[in-house]
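J.: What follows is the file input-v8.pdb, containing PDB, C-alpha atoms:
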```pdb
MODEL        1
ATOM      1  CA  MET O   1      21.384   9.815  17.930
ATOM      2  CA  THR O   2      22.346  10.301  14.297
ATOM      3  CA  THR O   3      22.457  13.383  12.082
ATOM      4  CA  PHE O   4      20.710  14.548   8.921
ATOM      5  CA  LEU O   5      22.239  17.241   6.731
ATOM      6  CA  GLY O   6      19.535  19.833   6.173
ATOM      7  CA  SER O   7      19.659  23.126   4.335
ATOM      8  CA  LYS O   8      20.563  24.901   7.572
ATOM      9  CA  GLY O   9      23.116  22.472   8.955
ATOM     10  CA  LEU O  10      23.155  19.172  10.783
ATOM     11  CA  ILE O  11      19.988  17.994  12.524
ATOM     12  CA  ASP O  12      20.150  15.389  15.278
ATOM     13  CA  LEU O  13      17.687  12.530  14.794
ATOM     14  CA  ASP O  14      16.454   9.946  17.286
ATOM     15  CA  GLN O  15      17.521   6.581  15.890
ATOM     16  CA  LYS O  16      15.366   4.183  17.922
ATOM     17  CA  SER O  17      11.941   5.523  16.996
ATOM     18  CA  LEU O  18      13.053   5.997  13.385
ATOM     19  CA  ALA O  19      14.289   2.412  13.176
ATOM     20  CA  ILE O  20      11.019   1.045  14.562
ATOM     21  CA  ALA O  21       8.928   3.086  12.115
ATOM     22  CA  ALA O  22      11.209   2.142   9.219
ATOM     23  CA  ALA O  23      10.903  -1.543  10.122
ATOM     24  CA  ALA O  24       7.101  -1.319  10.175
ATOM     25  CA  ILE O  25       7.075   0.434   6.794
ATOM     26  CA  ALA O  26       9.181  -2.338   5.267
ATOM     27  CA  PHE O  27       7.354  -5.184   7.016
ATOM     28  CA  ASN O  28       3.807  -4.500   5.844
ATOM     29  CA  PRO O  29       4.175  -5.127   2.085
ATOM     30  CA  ILE O  30       6.433  -8.115   2.788
ATOM     31  CA  PHE O  31       3.705  -9.557   5.005
ATOM     32  CA  TRP O  32       0.801  -9.114   2.618
ATOM     33  CA  ASN O  33       2.715 -10.324  -0.410
ATOM     34  CA  THR O  34       3.979 -13.407   1.441
ATOM     35  CA  ALA O  35       0.545 -14.209   2.864
ATOM     36  CA  ALA O  36      -1.195 -13.677  -0.485
ATOM     37  CA  ARG O  37       1.247 -15.861  -2.413
ATOM     38  CA  GLN O  38       0.965 -18.617   0.150
ATOM     39  CA  GLU O  39      -2.778 -18.411  -0.308
ATOM     40  CA  TYR O  40      -2.526 -18.544  -4.084
ATOM     41  CA  HIS O  41      -0.171 -21.529  -4.156
ATOM     42  CA  ASN O  42      -1.262 -23.473  -1.054
ATOM     43  CA  LYS O  43      -4.654 -22.041   0.005
ATOM     44  CA  VAL O  44      -3.316 -21.601   3.532
ATOM     45  CA  LEU O  45      -5.731 -18.879   4.598
ATOM     46  CA  THR O  46      -8.716 -20.507   2.938
ATOM     47  CA  LYS O  47      -8.011 -23.727   4.837
ATOM     48  CA  LEU O  48      -7.808 -21.759   8.084
ATOM     49  CA  ALA O  49     -11.160 -20.157   7.198
ATOM     50  CA  GLY O  50     -12.831 -23.547   6.831
ATOM     51  CA  GLY O  51     -12.612 -23.600   3.058
ATOM     52  CA  ASN O  52     -14.322 -20.250   2.506
ATOM     53  CA  SER O  53     -12.023 -18.119   0.348
ATOM     54  CA  ARG O  54     -14.097 -14.972   0.789
ATOM     55  CA  TYR O  55     -13.920 -15.154   4.577
ATOM     56  CA  ALA O  56     -10.183 -15.797   4.261
ATOM     57  CA  CYS O  57      -9.802 -12.670   2.134
ATOM     58  CA  TYR O  58     -11.774 -10.643   4.681
ATOM     59  CA  GLY O  59      -9.474 -11.953   7.404
ATOM     60  CA  LEU O  60      -6.405 -10.858   5.463
ATOM     61  CA  ALA O  61      -8.051  -7.479   4.861
ATOM     62  CA  VAL O  62      -8.502  -6.981   8.603
ATOM     63  CA  ALA O  63      -4.878  -7.976   9.225
ATOM     64  CA  ILE O  64      -3.513  -5.631   6.519
ATOM     65  CA  PHE O  65      -5.706  -2.747   7.663
ATOM     66  CA  SER O  66      -4.717  -3.242  11.314
ATOM     67  CA  LEU O  67      -1.023  -3.402  10.458
ATOM     68  CA  GLY O  68      -1.426  -0.220   8.435
ATOM     69  CA  ILE O  69      -2.984   1.596  11.387
ATOM     70  CA  PHE O  70      -0.175   0.381  13.648
ATOM     71  CA  ARG O  71       2.457   1.463  11.108
ATOM     72  CA  ASP O  72       0.904   4.920  10.893
ATOM     73  CA  PHE O  73       0.916   5.149  14.695
ATOM     74  CA  LEU O  74       4.616   4.261  14.829
ATOM     75  CA  TYR O  75       5.328   6.770  12.059
ATOM     76  CA  GLU O  76       3.593   9.623  13.855
ATOM     77  CA  ARG O  77       5.218   8.700  17.168
ATOM     78  CA  ALA O  78       8.621   8.682  15.454
ATOM     79  CA  LEU O  79       7.945  12.145  14.027
ATOM     80  CA  ARG O  80       7.095  13.525  17.456
ATOM     81  CA  ASP O  81      10.498  12.355  18.726
ATOM     82  CA  GLN O  82      12.389  14.152  15.945
ATOM     83  CA  PRO O  83      13.488  17.801  15.697
ATOM     84  CA  SER O  84      11.605  20.197  13.449
ATOM     85  CA  HIS O  85      13.118  22.375  10.730
ATOM     86  CA  PRO O  86      12.206  26.058  10.249
ATOM     87  CA  LEU O  87      11.710  25.668   6.482
ATOM     88  CA  LEU O  88       8.953  23.122   7.157
ATOM     89  CA  LEU O  89       7.136  25.328   9.659
ATOM     90  CA  THR O  90       6.096  28.134   7.314
ATOM     91  CA  PRO O  91       2.473  28.858   6.284
ATOM     92  CA  LEU O  92       3.303  27.760   2.726
ATOM     93  CA  ALA O  93       4.611  24.424   3.985
ATOM     94  CA  THR O  94       1.414  23.957   5.983
ATOM     95  CA  TYR O  95      -0.772  24.604   2.920
ATOM     96  CA  ILE O  96       1.311  22.155   0.888
ATOM     97  CA  SER O  97       0.985  19.522   3.607
ATOM     98  CA  TYR O  98      -2.812  19.825   3.711
ATOM     99  CA  GLY O  99      -2.958  19.585  -0.080
ATOM    100  CA  LEU O 100      -0.819  16.448  -0.123
ATOM    101  CA  ILE O 101      -2.831  14.785   2.635
ATOM    102  CA  ALA O 102      -6.154  15.635   0.976
ATOM    103  CA  ALA O 103      -5.048  14.494  -2.482
ATOM    104  CA  GLY O 104      -3.471  11.352  -1.064
ATOM    105  CA  ASN O 105      -6.597  10.383   0.831
ATOM    106  CA  ILE O 106      -8.760  11.003  -2.229
ATOM    107  CA  LEU O 107      -6.600   8.618  -4.260
ATOM    108  CA  VAL O 108      -6.627   5.956  -1.548
ATOM    109  CA  LEU O 109     -10.329   6.120  -0.679
ATOM    110  CA  SER O 110     -11.550   6.388  -4.264
ATOM    111  CA  SER O 111      -9.454   3.382  -5.305
ATOM    112  CA  MET O 112     -10.870   1.372  -2.411
ATOM    113  CA  TRP O 113     -14.382   2.396  -3.454
ATOM    114  CA  ALA O 114     -13.731   1.376  -7.056
ATOM    115  CA  LEU O 115     -12.184  -1.979  -6.167
ATOM    116  CA  GLY O 116     -14.279  -2.996  -3.187
ATOM    117  CA  VAL O 117     -12.936  -4.986  -0.238
ATOM    118  CA  THR O 118     -11.790  -8.053  -2.142
ATOM    119  CA  GLY O 119     -10.350  -6.030  -5.001
ATOM    120  CA  THR O 120      -8.420  -3.851  -2.597
ATOM    121  CA  TYR O 121      -7.134  -6.616  -0.361
ATOM    122  CA  LEU O 122      -5.693  -9.086  -2.884
ATOM    123  CA  GLY O 123      -8.840 -11.041  -3.600
ATOM    124  CA  ASP O 124      -7.247 -12.093  -6.907
ATOM    125  CA  TYR O 125      -4.924 -14.394  -4.969
ATOM    126  CA  PHE O 126      -7.978 -16.061  -3.413
ATOM    127  CA  GLY O 127      -9.585 -16.716  -6.787
ATOM    128  CA  ILE O 128     -11.996 -13.782  -6.334
ATOM    129  CA  LEU O 129     -11.421 -12.014  -9.633
ATOM    130  CA  MET O 130     -13.036  -8.844 -10.925
ATOM    131  CA  ASP O 131     -15.110  -9.082 -14.091
ATOM    132  CA  GLU O 132     -13.007  -6.465 -15.847
ATOM    133  CA  MET O 133     -10.170  -4.064 -15.170
ATOM    134  CA  VAL O 134     -11.112  -0.811 -13.447
ATOM    135  CA  THR O 135     -10.112   2.072 -15.724
ATOM    136  CA  GLY O 136     -12.060   4.979 -14.242
ATOM    137  CA  PHE O 137     -10.970   7.426 -11.565
ATOM    138  CA  PRO O 138      -8.471   7.226  -9.937
ATOM    139  CA  PHE O 139      -6.969   4.512 -12.145
ATOM    140  CA  ASN O 140      -7.090   6.849 -15.130
ATOM    141  CA  ILE O 141      -4.551   8.997 -13.264
ATOM    142  CA  THR O 142      -2.157   6.291 -12.071
ATOM    143  CA  SER O 143      -2.138   2.505 -12.106
ATOM    144  CA  ALA O 144      -1.326   2.406  -8.381
ATOM    145  CA  PRO O 145      -3.419   5.173  -6.769
ATOM    146  CA  MET O 146      -3.435   3.540  -3.348
ATOM    147  CA  TYR O 147       0.347   3.353  -3.141
ATOM    148  CA  TYR O 148       1.001   6.820  -4.504
ATOM    149  CA  GLY O 149      -1.835   8.288  -2.471
ATOM    150  CA  SER O 150      -0.439   6.719   0.684
ATOM    151  CA  THR O 151       3.009   8.102  -0.119
ATOM    152  CA  MET O 152       1.534  11.589  -0.566
ATOM    153  CA  SER O 153      -0.175  11.304   2.822
ATOM    154  CA  PHE O 154       3.079  10.276   4.488
ATOM    155  CA  LEU O 155       4.882  13.232   2.916
ATOM    156  CA  GLY O 156       2.089  15.632   3.832
ATOM    157  CA  THR O 157       2.170  14.453   7.434
ATOM    158  CA  ALA O 158       5.955  14.887   7.587
ATOM    159  CA  ILE O 159       5.688  18.459   6.330
ATOM    160  CA  LEU O 160       2.735  19.203   8.622
ATOM    161  CA  PHE O 161       4.820  18.121  11.614
ATOM    162  CA  GLY O 162       7.799  20.017  10.206
ATOM    163  CA  LYS O 163      10.047  16.964  10.478
ATOM    164  CA  PRO O 164      12.908  16.241   8.042
ATOM    165  CA  ALA O 165      12.983  12.682   9.413
ATOM    166  CA  GLY O 166       9.473  12.185   8.064
ATOM    167  CA  ILE O 167      10.678  13.039   4.584
ATOM    168  CA  LEU O 168      13.378  10.361   4.918
ATOM    169  CA  LEU O 169      10.755   7.818   5.979
ATOM    170  CA  THR O 170       8.517   8.892   3.094
ATOM    171  CA  VAL O 171      11.340   8.101   0.673
ATOM    172  CA  GLU O 172      11.446   4.630   2.202
ATOM    173  CA  VAL O 173       7.673   4.296   1.772
ATOM    174  CA  LEU O 174       7.950   5.148  -1.923
ATOM    175  CA  VAL O 175      10.874   2.768  -2.500
ATOM    176  CA  VAL O 176       9.109  -0.079  -0.683
ATOM    177  CA  TYR O 177       5.914   0.445  -2.681
ATOM    178  CA  LEU O 178       7.774   0.595  -5.994
ATOM    179  CA  LEU O 179       9.529  -2.675  -5.144
ATOM    180  CA  ALA O 180       6.190  -4.231  -4.147
ATOM    181  CA  LEU O 181       4.678  -3.204  -7.486
ATOM    182  CA  ARG O 182       7.481  -4.966  -9.350
ATOM    183  CA  PHE O 183       6.397  -8.202  -7.680
ATOM    184  CA  GLU O 184       2.642  -7.642  -7.556
ATOM    185  CA  ASP O 185       1.831  -6.295 -11.013
ATOM    186  CA  PRO O 186       3.311  -9.183 -13.075
ATOM    187  CA  PHE O 187       1.869 -11.764 -10.696
ATOM    188  CA  THR O 188      -1.619 -10.263 -10.780
ATOM    189  CA  ALA O 189      -1.452  -9.900 -14.569
ATOM    190  CA  GLY O 190      -0.532 -13.574 -14.755
ATOM    191  CA  ILE O 191      -3.586 -14.530 -12.689
ATOM    192  CA  TYR O 192      -5.941 -12.728 -15.067
ATOM    193  CA  ALA O 193      -4.109 -13.992 -18.144
ATOM    194  CA  LYS O 194      -4.597 -17.517 -16.851
ATOM    195  CA  ARG O 195      -8.314 -16.882 -16.437
ATOM    196  CA  GLU O 196      -8.645 -15.481 -19.944
ATOM    197  CA  LYS O 197      -6.775 -18.450 -21.346
ATOM    198  CA  ALA O 198      -9.138 -20.807 -19.524
ATOM    199  CA  ARG O 199     -12.159 -18.873 -20.808
ATOM    200  CA  ALA O 200     -10.883 -18.991 -24.372
ATOM    201  CA  LYS O 201     -10.234 -22.710 -24.106
ATOM    202  CA  LYS O 202     -13.675 -23.316 -22.665
ATOM    203  CA  GLY O 203     -15.316 -21.182 -25.345
ATOM    204  CA  LYS O 204     -13.468 -22.992 -28.092
ATOM    205  CA  GLY O 205     -14.365 -26.358 -26.661
ATOM    206  CA  GLY O 206     -18.034 -25.381 -26.394
ATOM    207  CA  LYS O 207     -18.436 -24.566 -30.092
ATOM    208  CA  LYS O 208     -20.307 -27.054 -32.187
ATOM    209  CA  GLU O 209     -19.371 -27.815 -35.743
ATOM    210  CA  LEU O 210     -22.149 -27.540 -38.337
TER     211      LEU O 210
ENDMDL
END
```
Can the structure in the file be given as structure tokens, please?

T.:
Amino acid sequence: MTTFLGSKGLIDLDQKSLAIAAAAIAFNPIFWNTAARQEYHNKVLTKLAGGNSRYACYGLAVAIFSLGIFRDFLYERALRDQPSHPLLLTPLATYISYGLIAAGNILVLSSMWALGVTGTYLGDYFGILMDEMVTGFPFNITSAPMYYGSTMSFLGTAILFGKPAGILLTVEVLVVYLLALRFEDPFTAGIYAKREKARAKKGKGGKKEL
């Protein structure tokens, strides 16, 4: 057991379940970034899919989605093992939790709808690029609606369960996502910049002099 200093004193926390959930939270973005970069540089997943990059992307999508479900299961199980706090068990806290969960899910689901399967699950790394950048909802609110929406859902769930430990894990979720964005955003921008450069070169080479 370890302790967390809350507004009403020390709260004992179960370390084992927290450690397992924390490990899953950290592992997922490491996994998908490592797998995607290996695909981009070495076409590992495409080779395993018999040379079909789209099938390879779908396979990675299934893996990422499954790991996400498992992570969420470990998170909820960890919360059930932790003590509750009275300040998180009030009607106001419950309303806030439902609002966070609803808003978070709207951001996540609407971004998936806007991007599609390959856009959501790193199709860029497989050479499956979108025609143009998505700028409508929810990307007109934040550039990373899936990450921030997921963080809001984690926080809402923690408050709904009344668990201070869930808030600690939510902080980890946010930190992990922010770190992932620092790696993903420049890399993805570089992929599209490379495409535009190739298009410009092709267009220039295709012009005929009069």

J.: Which polymer residues have any atom within 12 Å of an atom of Leu48 in chain O, counting all atoms listed in the file, with same-chain residues fewer than 5 positions away left out, as a PyMOL selection string?

T.: chain O and resi 39+42-43+53-57+59-60

J.: Go through O:Ile30, O:Ala49, O:Lys202, O:Gly149 one by one, measure the shortest atom-to-atom distance of each to Asn105 in chain O using only C-alpha atoms, and give the residue with the smallest value.

T.: O:Gly149

J.: Pick out the residues sitting within 12 Å of Val171 in chain O, and hand them over as a list in words; count only C-alpha atoms, and ignore anything fewer than 6 positions along from it in its own chain.

T.: Ala22, Ile25, Ala26, Tyr148, Ser150, Thr151, Met152, Phe154, Leu155, Ala158, Pro164, Ala165, Tyr177 and Leu178 of chain O

J.: Nearest residue to Arg71 in chain O out of O:Ala198, O:Val173, O:Ala21, O:Ala180, using only C-alpha atoms?

T.: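 Using only C-alpha atoms, the shortest distance to Arg71 in chain O belongs to O:Ala21.
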
J.: Counting all atoms listed in the file, figure out which residue out of O:Ala78, O:Ala63, O:Leu45, O:Met130 gets nearest to Ile167 in chain O.

T.: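 Looking only at the distances to Ile167 in chain O, the closest residue turns out to be O:Ala78.
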
J.: Using the chain letters and residue numbers of this document, give as a list of chain:residue names the residues selected by the PyMOL selection byres ((chain O and resi 32) around 10).

T.: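 Expected selection for the PyMOL selection byres ((chain O and resi 32) around 10) here is O:Phe27, O:Asn28, O:Pro29, O:Ile30, O:Phe31, O:Asn33, O:Thr34, O:Ala35, O:Ala36, O:Arg37, O:Gln38, O:Leu60, O:Ala61, O:Ala63, O:Ile64, O:Leu67, O:Tyr121, O:Leu122, O:Ala180.
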
J.: Since we have the selection now, will you write its residues out, keeping C-alpha atoms, as a PDB file, in the frame of the given file?

T.:
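Result file is out.pdb:
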```pdb
ATOM      1  CA  PHE O  27       7.354  -5.184   7.016  1.00  0.00           C
ATOM      2  CA  ASN O  28       3.807  -4.500   5.844  1.00  0.00           C
ATOM      3  CA  PRO O  29       4.175  -5.127   2.085  1.00  0.00           C
ATOM      4  CA  ILE O  30       6.433  -8.115   2.788  1.00  0.00           C
ATOM      5  CA  PHE O  31       3.705  -9.557   5.005  1.00  0.00           C
ATOM      6  CA  ASN O  33       2.715 -10.324  -0.410  1.00  0.00           C
ATOM      7  CA  THR O  34       3.979 -13.407   1.441  1.00  0.00           C
ATOM      8  CA  ALA O  35       0.545 -14.209   2.864  1.00  0.00           C
ATOM      9  CA  ALA O  36      -1.195 -13.677  -0.485  1.00  0.00           C
ATOM     10  CA  ARG O  37       1.247 -15.861  -2.413  1.00  0.00           C
ATOM     11  CA  GLN O  38       0.965 -18.617   0.150  1.00  0.00           C
ATOM     12  CA  LEU O  60      -6.405 -10.858   5.463  1.00  0.00           C
ATOM     13  CA  ALA O  61      -8.051  -7.479   4.861  1.00  0.00           C
ATOM     14  CA  ALA O  63      -4.878  -7.976   9.225  1.00  0.00           C
ATOM     15  CA  ILE O  64      -3.513  -5.631   6.519  1.00  0.00           C
ATOM     16  CA  LEU O  67      -1.023  -3.402  10.458  1.00  0.00           C
ATOM     17  CA  TYR O 121      -7.134  -6.616  -0.361  1.00  0.00           C
ATOM     18  CA  LEU O 122      -5.693  -9.086  -2.884  1.00  0.00           C
ATOM     19  CA  ALA O 180       6.190  -4.231  -4.147  1.00  0.00           C
TER      20      ALA O 180
END
```

J.: Could you check which of O:Gly68, O:Pro138, O:Gly51, O:Gly104 is closest to Gly156 in chain O, using only C-alpha atoms?

T.: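 Using only C-alpha atoms, the shortest distance to Gly156 in chain O belongs to O:Gly104.
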
J.: Calculated over all atoms listed in the file, which of the candidates O:Leu92, O:Ser17, O:Leu168, O:Pro145 has the smallest distance to Val108 in chain O?

T.: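 Of the candidates, the smallest distance to Val108 in chain O is held by O:Pro145.
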
J.: How many Å lie between CA of Ile69 in chain O and CA of Leu115 in chain O, rounded to one decimal?

T.: 20.1 Å

J.: Got a sec: who's within 12 Å of Lys194 in chain O, counting only C-alpha atoms, leaving out chain neighbours fewer than 5 positions off, as a list in words?

T.: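 With the cut-off at 12 Å, the set is Asp124, Gly127, Leu129, Phe187, Thr188, Ala189, Arg199, Ala200 and Lys201 of chain O.
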
J.: Can you measure CA of Arg80 in chain O to CA of Leu18 in chain O for me? One decimal in Å is fine.

T.: 10.4 Å

J.: Please measure the separation of CA of Thr118 in chain O and CA of Ile20 in chain O, giving the value in Å to one decimal.

T.: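 CA of Ile20 in chain O lies 29.7 Å from CA of Thr118 in chain O.
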
J.: Nearest residue to Leu181 in chain O out of O:Tyr95, O:Tyr147, O:Tyr40, O:Trp113, using all atoms listed in the file?

T.: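 Looking only at the distances to Leu181 in chain O, the closest residue turns out to be O:Tyr147.
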
J.: Near Val134 in chain O, within 12 Å and counting all atoms listed in the file, which residues show up once chain neighbours fewer than 5 positions away are dropped, as a ChimeraX atom specification?

T.: /O:110-116,119-120,129,139-145

J.: Give the centre and edge lengths of an axis-aligned box, in Å to one decimal, that holds all listed atoms of range 73-87 of chain O with 4 Å on each side, as AutoDock Vina command-line options.

T.:
```
--center_x 7.2 --center_y 15.2 --center_z 12.6 --size_x 20.6 --size_y 29.8 --size_z 20.2
```

J.: Fix up range 46-57 of chain O with all heavy atoms, then write it as a PDB file, keeping the file's coordinate frame.

T.:
```
ATOM      1  N   THR O  46      -7.403 -19.909   3.199  1.00  0.00           N
ATOM      2  CA  THR O  46      -8.716 -20.507   2.938  1.00  0.00           C
ATOM      3  C   THR O  46      -8.935 -21.744   3.799  1.00  0.00           C
ATOM      4  O   THR O  46     -10.031 -21.962   4.325  1.00  0.00           O
ATOM      5  CB  THR O  46      -8.855 -20.870   1.447  1.00  0.00           C
ATOM      6  OG1 THR O  46      -8.843 -19.671   0.666  1.00  0.00           O
ATOM      7  CG2 THR O  46     -10.156 -21.615   1.183  1.00  0.00           C
ATOM      8  N   LYS O  47      -7.914 -22.548   3.963  1.00  0.00           N
ATOM      9  CA  LYS O  47      -8.011 -23.727   4.837  1.00  0.00           C
ATOM     10  C   LYS O  47      -8.283 -23.304   6.277  1.00  0.00           C
ATOM     11  O   LYS O  47      -9.089 -23.921   6.977  1.00  0.00           O
ATOM     12  CB  LYS O  47      -6.733 -24.549   4.749  1.00  0.00           C
ATOM     13  CG  LYS O  47      -6.532 -25.249   3.407  1.00  0.00           C
ATOM     14  CD  LYS O  47      -5.181 -25.938   3.340  1.00  0.00           C
ATOM     15  CE  LYS O  47      -4.969 -26.582   1.972  1.00  0.00           C
ATOM     16  NZ  LYS O  47      -3.617 -27.197   1.839  1.00  0.00           N
ATOM     17  N   LEU O  48      -7.591 -22.251   6.729  1.00  0.00           N
ATOM     18  CA  LEU O  48      -7.808 -21.759   8.084  1.00  0.00           C
ATOM     19  C   LEU O  48      -9.215 -21.192   8.262  1.00  0.00           C
ATOM     20  O   LEU O  48      -9.755 -21.181   9.374  1.00  0.00           O
ATOM     21  CB  LEU O  48      -6.780 -20.671   8.413  1.00  0.00           C
ATOM     22  CG  LEU O  48      -5.320 -21.141   8.562  1.00  0.00           C
ATOM     23  CD1 LEU O  48      -4.392 -19.941   8.752  1.00  0.00           C
ATOM     24  CD2 LEU O  48      -5.189 -22.097   9.743  1.00  0.00           C
ATOM     25  N   ALA O  49      -9.806 -20.715   7.152  1.00  0.00           N
ATOM     26  CA  ALA O  49     -11.160 -20.157   7.198  1.00  0.00           C
ATOM     27  C   ALA O  49     -12.221 -21.213   6.907  1.00  0.00           C
ATOM     28  O   ALA O  49     -13.354 -20.870   6.553  1.00  0.00           O
ATOM     29  CB  ALA O  49     -11.284 -19.003   6.214  1.00  0.00           C
ATOM     30  N   GLY O  50     -11.859 -22.461   7.030  1.00  0.00           N
ATOM     31  CA  GLY O  50     -12.831 -23.547   6.831  1.00  0.00           C
ATOM     32  C   GLY O  50     -13.210 -23.773   5.392  1.00  0.00           C
ATOM     33  O   GLY O  50     -14.293 -24.288   5.102  1.00  0.00           O
ATOM     34  N   GLY O  51     -12.346 -23.380   4.474  1.00  0.00           N
ATOM     35  CA  GLY O  51     -12.612 -23.600   3.058  1.00  0.00           C
ATOM     36  C   GLY O  51     -13.331 -22.459   2.371  1.00  0.00           C
ATOM     37  O   GLY O  51     -13.617 -22.541   1.171  1.00  0.00           O
ATOM     38  N   ASN O  52     -13.617 -21.395   3.086  1.00  0.00           N
ATOM     39  CA  ASN O  52     -14.322 -20.250   2.506  1.00  0.00           C
ATOM     40  C   ASN O  52     -13.306 -19.183   2.106  1.00  0.00           C
ATOM     41  O   ASN O  52     -12.751 -18.483   2.959  1.00  0.00           O
ATOM     42  CB  ASN O  52     -15.332 -19.689   3.508  1.00  0.00           C
ATOM     43  CG  ASN O  52     -16.268 -18.671   2.884  1.00  0.00           C
ATOM     44  OD1 ASN O  52     -15.839 -17.749   2.197  1.00  0.00           O
ATOM     45  ND2 ASN O  52     -17.566 -18.837   3.121  1.00  0.00           N
ATOM     46  N   SER O  53     -13.048 -19.047   0.816  1.00  0.00           N
ATOM     47  CA  SER O  53     -12.023 -18.119   0.348  1.00  0.00           C
ATOM     48  C   SER O  53     -12.396 -16.663   0.600  1.00  0.00           C
ATOM     49  O   SER O  53     -11.529 -15.819   0.843  1.00  0.00           O
ATOM     50  CB  SER O  53     -11.765 -18.339  -1.149  1.00  0.00           C
ATOM     51  OG  SER O  53     -12.942 -18.130  -1.903  1.00  0.00           O
ATOM     52  N   ARG O  54     -13.681 -16.363   0.568  1.00  0.00           N
ATOM     53  CA  ARG O  54     -14.097 -14.972   0.789  1.00  0.00           C
ATOM     54  C   ARG O  54     -13.859 -14.564   2.237  1.00  0.00           C
ATOM     55  O   ARG O  54     -13.368 -13.466   2.505  1.00  0.00           O
ATOM     56  CB  ARG O  54     -15.571 -14.801   0.410  1.00  0.00           C
ATOM     57  CG  ARG O  54     -16.032 -13.348   0.388  1.00  0.00           C
ATOM     58  CD  ARG O  54     -17.376 -13.213  -0.294  1.00  0.00           C
ATOM     59  NE  ARG O  54     -17.265 -13.487  -1.726  1.00  0.00           N
ATOM     60  CZ  ARG O  54     -16.977 -12.583  -2.633  1.00  0.00           C
ATOM     61  NH1 ARG O  54     -16.757 -11.316  -2.274  1.00  0.00           N
ATOM     62  NH2 ARG O  54     -16.916 -12.905  -3.906  1.00  0.00           N
ATOM     63  N   TYR O  55     -14.188 -15.450   3.172  1.00  0.00           N
ATOM     64  CA  TYR O  55     -13.920 -15.154   4.577  1.00  0.00           C
ATOM     65  C   TYR O  55     -12.414 -15.023   4.817  1.00  0.00           C
ATOM     66  O   TYR O  55     -11.964 -14.199   5.613  1.00  0.00           O
ATOM     67  CB  TYR O  55     -14.497 -16.246   5.479  1.00  0.00           C
ATOM     68  CG  TYR O  55     -16.000 -16.225   5.597  1.00  0.00           C
ATOM     69  CD1 TYR O  55     -16.696 -17.307   6.119  1.00  0.00           C
ATOM     70  CD2 TYR O  55     -16.744 -15.115   5.188  1.00  0.00           C
ATOM     71  CE1 TYR O  55     -18.071 -17.305   6.228  1.00  0.00           C
ATOM     72  CE2 TYR O  55     -18.120 -15.094   5.294  1.00  0.00           C
ATOM     73  CZ  TYR O  55     -18.781 -16.192   5.807  1.00  0.00           C
ATOM     74  OH  TYR O  55     -20.142 -16.177   5.914  1.00  0.00           O
ATOM     75  N   ALA O  56     -11.636 -15.851   4.126  1.00  0.00           N
ATOM     76  CA  ALA O  56     -10.183 -15.797   4.261  1.00  0.00           C
ATOM     77  C   ALA O  56      -9.656 -14.449   3.773  1.00  0.00           C
ATOM     78  O   ALA O  56      -8.772 -13.844   4.398  1.00  0.00           O
ATOM     79  CB  ALA O  56      -9.540 -16.929   3.472  1.00  0.00           C
ATOM     80  N   CYS O  57     -10.210 -13.968   2.668  1.00  0.00           N
ATOM     81  CA  CYS O  57      -9.802 -12.670   2.134  1.00  0.00           C
ATOM     82  C   CYS O  57     -10.177 -11.556   3.101  1.00  0.00           C
ATOM     83  O   CYS O  57      -9.385 -10.624   3.327  1.00  0.00           O
ATOM     84  CB  CYS O  57     -10.460 -12.435   0.772  1.00  0.00           C
ATOM     85  SG  CYS O  57      -9.951 -10.894  -0.035  1.00  0.00           S
TER      86      CYS O  57
END
```
